[in-house]
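To be precise, the following lines are protein.cif, and they hold mmCIF, C-alpha atoms.
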```cif
data_work
loop_
_atom_site.label_atom_id
_atom_site.label_comp_id
_atom_site.auth_asym_id
_atom_site.auth_seq_id
_atom_site.Cartn_x
_atom_site.Cartn_y
_atom_site.Cartn_z
CA MET A 1 -2.60 -19.19 15.25
CA ASP A 2 -3.15 -22.10 17.64
CA LEU A 3 -6.43 -21.14 19.34
CA ALA A 4 -6.21 -24.24 21.54
CA HIS A 5 -3.35 -22.50 23.34
CA PHE A 6 -5.93 -19.96 24.54
CA GLY A 7 -8.57 -22.55 25.35
CA LEU A 8 -10.63 -21.71 22.28
CA VAL A 9 -12.07 -23.58 19.34
CA PRO A 10 -11.91 -21.91 15.89
CA HIS A 11 -14.83 -19.82 14.66
CA ASN A 12 -15.13 -17.75 11.50
CA SER A 13 -16.59 -14.34 12.35
CA ALA A 14 -17.75 -12.24 9.43
CA THR A 15 -18.26 -9.21 11.66
CA ILE A 16 -14.86 -9.31 13.39
CA PRO A 17 -12.36 -10.39 10.73
CA PRO A 18 -8.64 -10.73 11.50
CA GLY A 19 -6.84 -7.42 11.10
CA ARG A 20 -9.64 -5.25 12.42
CA LYS A 21 -8.51 -2.65 14.96
CA PHE A 22 -10.17 -1.57 18.18
CA GLY A 23 -8.20 1.21 19.84
CA ARG A 24 -4.70 -0.19 20.27
CA LEU A 25 -5.77 -3.77 19.70
CA THR A 26 -5.65 -5.68 16.40
CA VAL A 27 -7.71 -8.86 16.07
CA VAL A 28 -5.61 -11.89 15.12
CA ALA A 29 -8.28 -14.58 15.32
CA VAL A 30 -11.75 -15.24 16.75
CA GLY A 31 -12.82 -18.38 18.59
CA LYS A 32 -15.15 -19.71 21.28
CA PRO A 33 -14.56 -21.44 24.58
CA PRO A 34 -15.84 -25.02 24.12
CA ASN A 35 -19.58 -25.56 24.67
CA THR A 36 -20.40 -21.86 24.92
CA TYR A 37 -21.86 -19.20 22.67
CA ARG A 38 -19.43 -16.53 23.83
CA TYR A 39 -17.11 -15.26 21.11
CA THR A 40 -13.58 -14.35 22.08
CA ALA A 41 -10.94 -12.52 20.06
CA VAL A 42 -7.20 -13.05 20.29
CA CYS A 43 -5.59 -9.62 19.92
CA MET A 44 -2.17 -8.03 19.67
CA CYS A 45 -1.60 -4.67 21.33
CA GLU A 46 0.40 -1.81 19.85
CA CYS A 47 2.62 -1.76 22.92
CA GLY A 48 4.14 -5.11 21.87
CA SER A 49 2.90 -7.20 24.79
CA GLU A 50 1.97 -10.87 24.50
CA PRO A 51 -1.34 -11.70 22.73
CA ILE A 52 -4.41 -11.39 24.93
CA THR A 53 -7.95 -12.74 24.71
CA VAL A 54 -10.88 -10.32 24.85
CA ARG A 55 -14.61 -10.96 24.68
CA VAL A 56 -15.88 -9.66 21.35
CA ASP A 57 -18.61 -7.59 22.99
CA GLY A 58 -15.92 -5.88 25.06
CA LEU A 59 -14.25 -4.76 21.85
CA THR A 60 -17.37 -3.68 19.98
CA SER A 61 -18.72 -1.71 22.97
CA GLY A 62 -15.47 0.21 23.28
CA GLY A 63 -14.92 -1.05 26.82
CA VAL A 64 -11.56 -2.64 25.96
CA VAL A 65 -9.09 -0.64 23.88
CA SER A 66 -5.71 -2.07 24.92
CA CYS A 67 -4.01 -4.82 26.87
CA GLY A 68 -4.24 -2.52 29.87
CA CYS A 69 -1.36 -0.24 28.88
CA TYR A 70 -3.65 2.63 27.92
CA HIS A 71 -5.31 2.85 31.32
CA ARG A 72 -1.98 2.51 33.08
CA GLU A 73 -0.62 5.41 31.04
CA VAL A 74 -3.71 7.52 31.65
CA SER A 75 -3.57 6.94 35.38
CA ARG A 76 0.17 7.50 35.58
CA THR A 77 0.45 10.58 33.37
CA HIS A 78 -2.43 12.81 34.43
CA GLY A 79 -4.41 11.25 37.27
CA LEU A 80 -7.65 12.60 35.81
CA SER A 81 -9.61 9.36 35.45
CA LYS A 82 -11.90 10.46 38.32
CA HIS A 83 -12.34 14.01 37.04
CA PRO A 84 -15.95 14.80 35.99
CA LEU A 85 -14.76 15.77 32.51
CA TYR A 86 -12.88 12.54 31.92
CA GLN A 87 -15.98 10.62 30.78
CA VAL A 88 -17.05 13.58 28.62
CA TRP A 89 -13.66 13.42 26.91
CA ARG A 90 -13.75 9.64 26.59
CA HIS A 91 -17.23 9.53 25.02
CA MET A 92 -16.36 12.44 22.72
CA ARG A 93 -13.46 10.44 21.32
CA MET A 94 -15.46 7.21 21.16
CA ARG A 95 -18.21 8.68 18.96
CA CYS A 96 -15.60 10.22 16.66
CA GLU A 97 -13.08 7.38 16.51
CA ASN A 98 -14.78 4.05 17.23
CA PRO A 99 -16.84 2.74 14.26
CA ASP A 100 -18.68 0.38 16.63
CA ASP A 101 -19.95 3.16 18.87
CA ALA A 102 -23.70 3.68 18.39
CA ALA A 103 -23.20 7.42 17.82
CA TYR A 104 -20.32 7.03 15.36
CA PRO A 105 -22.44 7.43 12.16
CA ASN A 106 -23.46 10.94 13.26
CA TYR A 107 -19.94 11.98 14.25
CA GLY A 108 -16.84 10.16 12.99
CA GLY A 109 -18.91 8.62 10.21
CA ARG A 110 -19.54 12.04 8.71
CA GLY A 111 -16.03 13.38 9.24
CA ILE A 112 -16.25 14.98 12.71
CA THR A 113 -12.87 14.65 14.48
CA VAL A 114 -11.28 15.55 17.81
CA CYS A 115 -8.48 18.08 17.36
CA LYS A 116 -4.87 17.05 18.00
CA ARG A 117 -4.63 19.11 21.19
CA TRP A 118 -7.60 17.30 22.72
CA GLN A 119 -6.11 13.87 22.13
CA LYS A 120 -4.73 14.42 25.64
CA VAL A 121 -7.34 14.63 28.35
CA GLU A 122 -5.30 17.09 30.41
CA ASN A 123 -5.50 19.62 27.57
CA PHE A 124 -9.25 19.08 27.25
CA VAL A 125 -9.75 19.68 30.97
CA ALA A 126 -7.54 22.77 30.92
CA ASP A 127 -9.52 24.27 28.02
CA MET A 128 -13.05 23.31 29.07
CA GLU A 129 -13.13 23.16 32.88
CA ALA A 130 -14.12 26.82 33.16
CA GLY A 131 -17.88 27.19 32.85
CA TYR A 132 -18.65 23.51 33.40
CA ALA A 133 -21.39 22.52 35.83
CA PRO A 134 -23.11 19.16 36.46
CA GLY A 135 -25.90 18.58 33.94
CA LEU A 136 -24.28 20.53 31.11
CA GLU A 137 -23.25 18.86 27.84
CA ILE A 138 -20.47 19.68 25.42
CA ASP A 139 -21.93 21.40 22.36
CA ARG A 140 -20.30 22.24 19.01
CA ILE A 141 -21.18 25.76 17.88
CA ASP A 142 -20.89 24.71 14.25
CA ASN A 143 -22.67 21.38 14.10
CA ASP A 144 -20.58 20.38 11.08
CA GLY A 145 -17.30 21.40 12.72
CA ASP A 146 -14.80 19.41 14.76
CA TYR A 147 -14.31 19.15 18.50
CA LYS A 148 -11.79 21.92 19.22
CA PRO A 149 -11.53 24.83 21.68
CA SER A 150 -12.85 27.45 19.26
CA ASN A 151 -15.94 25.40 18.35
CA CYS A 152 -17.09 24.02 21.71
CA ARG A 153 -19.07 25.33 24.65
CA TRP A 154 -21.18 23.97 27.49
CA ALA A 155 -24.94 23.86 26.95
CA THR A 156 -28.05 22.48 28.60
CA PRO A 157 -29.53 19.31 27.06
CA SER A 158 -32.32 21.33 25.41
CA GLU A 159 -29.87 23.85 23.95
CA ASN A 160 -27.69 21.01 22.71
CA SER A 161 -30.71 19.33 21.14
CA ASP A 162 -31.64 22.57 19.35
CA ASN A 163 -28.21 22.66 17.75
CA ARG A 164 -28.37 19.16 16.28
CA ARG A 165 -28.80 18.58 12.57
CA SER A 166 -32.34 17.29 13.18
CA GLY A 167 -33.38 20.71 14.53
CA HIS A 168 -35.23 22.95 12.05
CA ARG A 169 -32.82 25.88 11.66
CA ILE A 170 -33.97 29.15 10.10
CA THR A 171 -31.89 32.10 8.88
CA PHE A 172 -33.29 35.61 9.38
CA ASN A 173 -31.39 38.91 9.20
CA GLY A 174 -28.11 37.03 8.82
CA LYS A 175 -28.63 34.90 11.94
CA THR A 176 -29.23 31.14 11.85
CA GLN A 177 -30.71 29.22 14.78
CA SER A 178 -33.42 26.76 15.71
CA ILE A 179 -37.10 27.63 15.77
CA ARG A 180 -37.05 27.07 19.52
CA ARG A 181 -34.41 29.75 19.96
CA TRP A 182 -36.25 32.09 17.61
CA ALA A 183 -39.35 31.58 19.76
CA LYS A 184 -37.46 32.70 22.86
CA GLU A 185 -36.09 35.71 21.02
CA THR A 186 -39.34 36.87 19.39
CA GLY A 187 -41.71 36.01 22.22
CA ILE A 188 -43.90 34.05 19.81
CA SER A 189 -44.59 30.46 20.85
CA TYR A 190 -42.65 27.62 19.27
CA GLY A 191 -45.88 25.99 18.09
CA THR A 192 -47.03 29.15 16.33
CA LEU A 193 -43.69 29.68 14.57
CA TRP A 194 -43.45 26.04 13.53
CA GLU A 195 -47.00 26.10 12.14
CA ARG A 196 -46.38 29.33 10.22
CA ILE A 197 -43.23 28.00 8.57
CA ALA A 198 -43.85 24.25 8.22
CA ILE A 199 -47.63 24.23 7.63
CA TRP A 200 -48.54 27.62 6.18
CA GLY A 201 -45.28 28.10 4.25
CA TRP A 202 -44.58 31.60 5.55
CA ASP A 203 -41.11 33.05 5.00
CA ALA A 204 -38.99 33.82 8.07
CA GLY A 205 -39.56 37.57 7.94
CA ARG A 206 -43.33 37.24 8.01
CA ALA A 207 -43.31 34.43 10.58
CA PHE A 208 -41.04 36.25 13.05
CA THR A 209 -42.51 39.75 12.75
CA THR A 210 -46.24 39.04 12.65
CA PRO A 211 -47.62 39.31 16.19
CA PRO A 212 -49.45 36.22 17.47
CA LEU A 213 -53.23 36.34 17.67
CA SER A 214 -54.78 37.11 21.03
CA ASN A 215 -56.93 34.43 22.68
CA GLU A 216 -60.06 36.37 21.70
CA GLU A 217 -58.91 36.61 18.07
CA ARG A 218 -58.16 32.87 17.97
CA MET A 219 -61.63 32.08 19.36
CA ARG A 220 -63.35 34.30 16.79
CA LYS A 221 -61.27 32.78 13.99
CA ALA A 222 -62.19 29.25 15.09
CA ARG A 223 -65.89 30.14 15.40
CA ARG A 224 -65.97 31.74 11.95
CA ALA A 225 -64.21 28.72 10.43
CA ARG A 226 -66.87 26.48 11.94
CA TRP A 227 -70.03 28.55 11.49
CA GLY A 228 -69.18 30.83 8.58
CA ASP A 229 -71.97 33.29 7.76
CA HIS A 230 -74.32 31.74 10.35
CA LEU A 231 -72.70 33.62 13.23
CA PRO A 232 -75.16 35.90 15.04
CA THR A 233 -74.58 39.60 14.56
#
```
Once more with this new file: its structure as structure tokens, please.
Amino acid sequence: MDLAHFGLVPHNSATIPPGRKFGRLTVVAVGKPPNTYRYTAVCMCECGSEPITVRVDGLTSGGVVSCGCYHREVSRTHGLSKHPLYQVWRHMRMRCENPDDAAYPNYGGRGITVCKRWQKVENFVADMEAGYAPGLEIDRIDNDGDYKPSNCRWATPSENSDNRRSGHRITFNGKTQSIRRWAKETGISYGTLWERIAIWGWDAGRAFTTPPLSNEERMRKARRARWGDHLPT
């Protein structure tokens, strides 16, 4: 391809090789405007339009996914680009489908997908608008499952965080949830439960059914640990 036609000088990019896809765009070549450090990709769009030039950071950030046809279609077909759930839907798809999205390794990179029905934002809004409120986040009930109506709900940021893989999840009486949620259910503090399980090695049954020490009991335990048999009678 004649990069000079686009006002570019050739540049070999190991990170953005020809043939790589970003949304509807396929990279044909990478170059630079003369006397700059800005890398620009020449791309072909799936819609068959003329080649376009796109800044490489626009591609890798997910900000540019087509020659403009995608946004025209979105605006023309559903008019939901200003809906509060539109960005939720967009970011959900980005972390599942764009390898250059920072969250991709924890989603698309481990096989999490967006169901066929939710490829259209109007279906996503129809299924998830009920129960939504500002400040809530979309949460997958099964953290290893896909984004689909039967596996998604709205949750607060703390609830969503509890459901992530990094949360310490414990099974007791056939129920699996985070220590934080067990703390709310048992009335025993999170710190106490975590210490019993992670530090003392207690099993779930003992940790969740043993009442916490009273303040007086904790003080006596600490004093005895420090003074041993020298405590006054």
Next item on the list: Check which residues satisfy the PyMOL selection byres ((chain A and resi 124) around 10) in the file shown, then give them as a PyMOL selection string.
Entry: chain A and resi 85-86+88-89+115+117-123+125-129+148-149
Which neighbours of segment 131-134 of chain A fall inside 12 Å, counting all atoms listed in the file, when residues of the same chain fewer than 6 positions from it are skipped, and could you give them as a compact mmCIF listing (two decimals) with C-alpha atoms, keeping the file's coordinate frame?
```txt
# COMPACT_ATOMS: atom_id res chain seq x y z
CA HIS A 83 -12.34 14.01 37.04
CA PRO A 84 -15.95 14.80 35.99
CA LEU A 85 -14.76 15.77 32.51
CA VAL A 88 -17.05 13.58 28.62
CA VAL A 125 -9.75 19.68 30.97
CA CYS A 152 -17.09 24.02 21.71
CA ARG A 153 -19.07 25.33 24.65
CA TRP A 154 -21.18 23.97 27.49
CA ALA A 155 -24.94 23.86 26.95
CA THR A 156 -28.05 22.48 28.60
CA PRO A 157 -29.53 19.31 27.06
```
Kindly provide the residues of segment 129-160 of chain A that approach segment 91-95 of chain A to within 12 Å, each paired with its closest atom pair and their distance in Å to one decimal, based on only C-alpha atoms, listed by chain and increasing number, as JSON lines.
```
{"residue": "A:Glu137", "atom": "CA", "partner": "A:Met92", "partner_atom": "CA", "distance": 10.7}
{"residue": "A:Ile138", "atom": "CA", "partner": "A:Met92", "partner_atom": "CA", "distance": 8.8}
{"residue": "A:Asp139", "atom": "CA", "partner": "A:Met92", "partner_atom": "CA", "distance": 10.6}
{"residue": "A:Arg140", "atom": "CA", "partner": "A:Met92", "partner_atom": "CA", "distance": 11.2}
{"residue": "A:Asp146", "atom": "CA", "partner": "A:Met92", "partner_atom": "CA", "distance": 10.7}
{"residue": "A:Tyr147", "atom": "CA", "partner": "A:Met92", "partner_atom": "CA", "distance": 8.2}
{"residue": "A:Lys148", "atom": "CA", "partner": "A:Met92", "partner_atom": "CA", "distance": 11.1}
{"residue": "A:Cys152", "atom": "CA", "partner": "A:Met92", "partner_atom": "CA", "distance": 11.6}
```
Taking C-alpha atoms for each residue, export the selection above as an mmCIF file, keeping the file's coordinate frame.
```cif
data_model
loop_
_atom_site.group_PDB
_atom_site.id
_atom_site.type_symbol
_atom_site.label_atom_id
_atom_site.label_comp_id
_atom_site.auth_asym_id
_atom_site.auth_seq_id
_atom_site.Cartn_x
_atom_site.Cartn_y
_atom_site.Cartn_z
ATOM 1 C CA GLU A 137 -23.250 18.860 27.840
ATOM 2 C CA ILE A 138 -20.470 19.680 25.420
ATOM 3 C CA ASP A 139 -21.930 21.400 22.360
ATOM 4 C CA ARG A 140 -20.300 22.240 19.010
ATOM 5 C CA ASP A 146 -14.800 19.410 14.760
ATOM 6 C CA TYR A 147 -14.310 19.150 18.500
ATOM 7 C CA LYS A 148 -11.790 21.920 19.220
ATOM 8 C CA CYS A 152 -17.090 24.020 21.710
#
```
Checklist line | Å distance separating atom CA of Gly62 of chain A from atom CA of Gln87 of chain A, one decimal place | finding: 12.8 Å
Note to self: I need the residue nearest Val28 of chain A from this list: A:Glu97, A:Asp203, A:Asp2, A:Glu185. Use all atoms listed in the file for the distance.
What the structure shows: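 When distances to Val28 of chain A are compared using all atoms listed in the file, the smallest one comes from A:Asp2.
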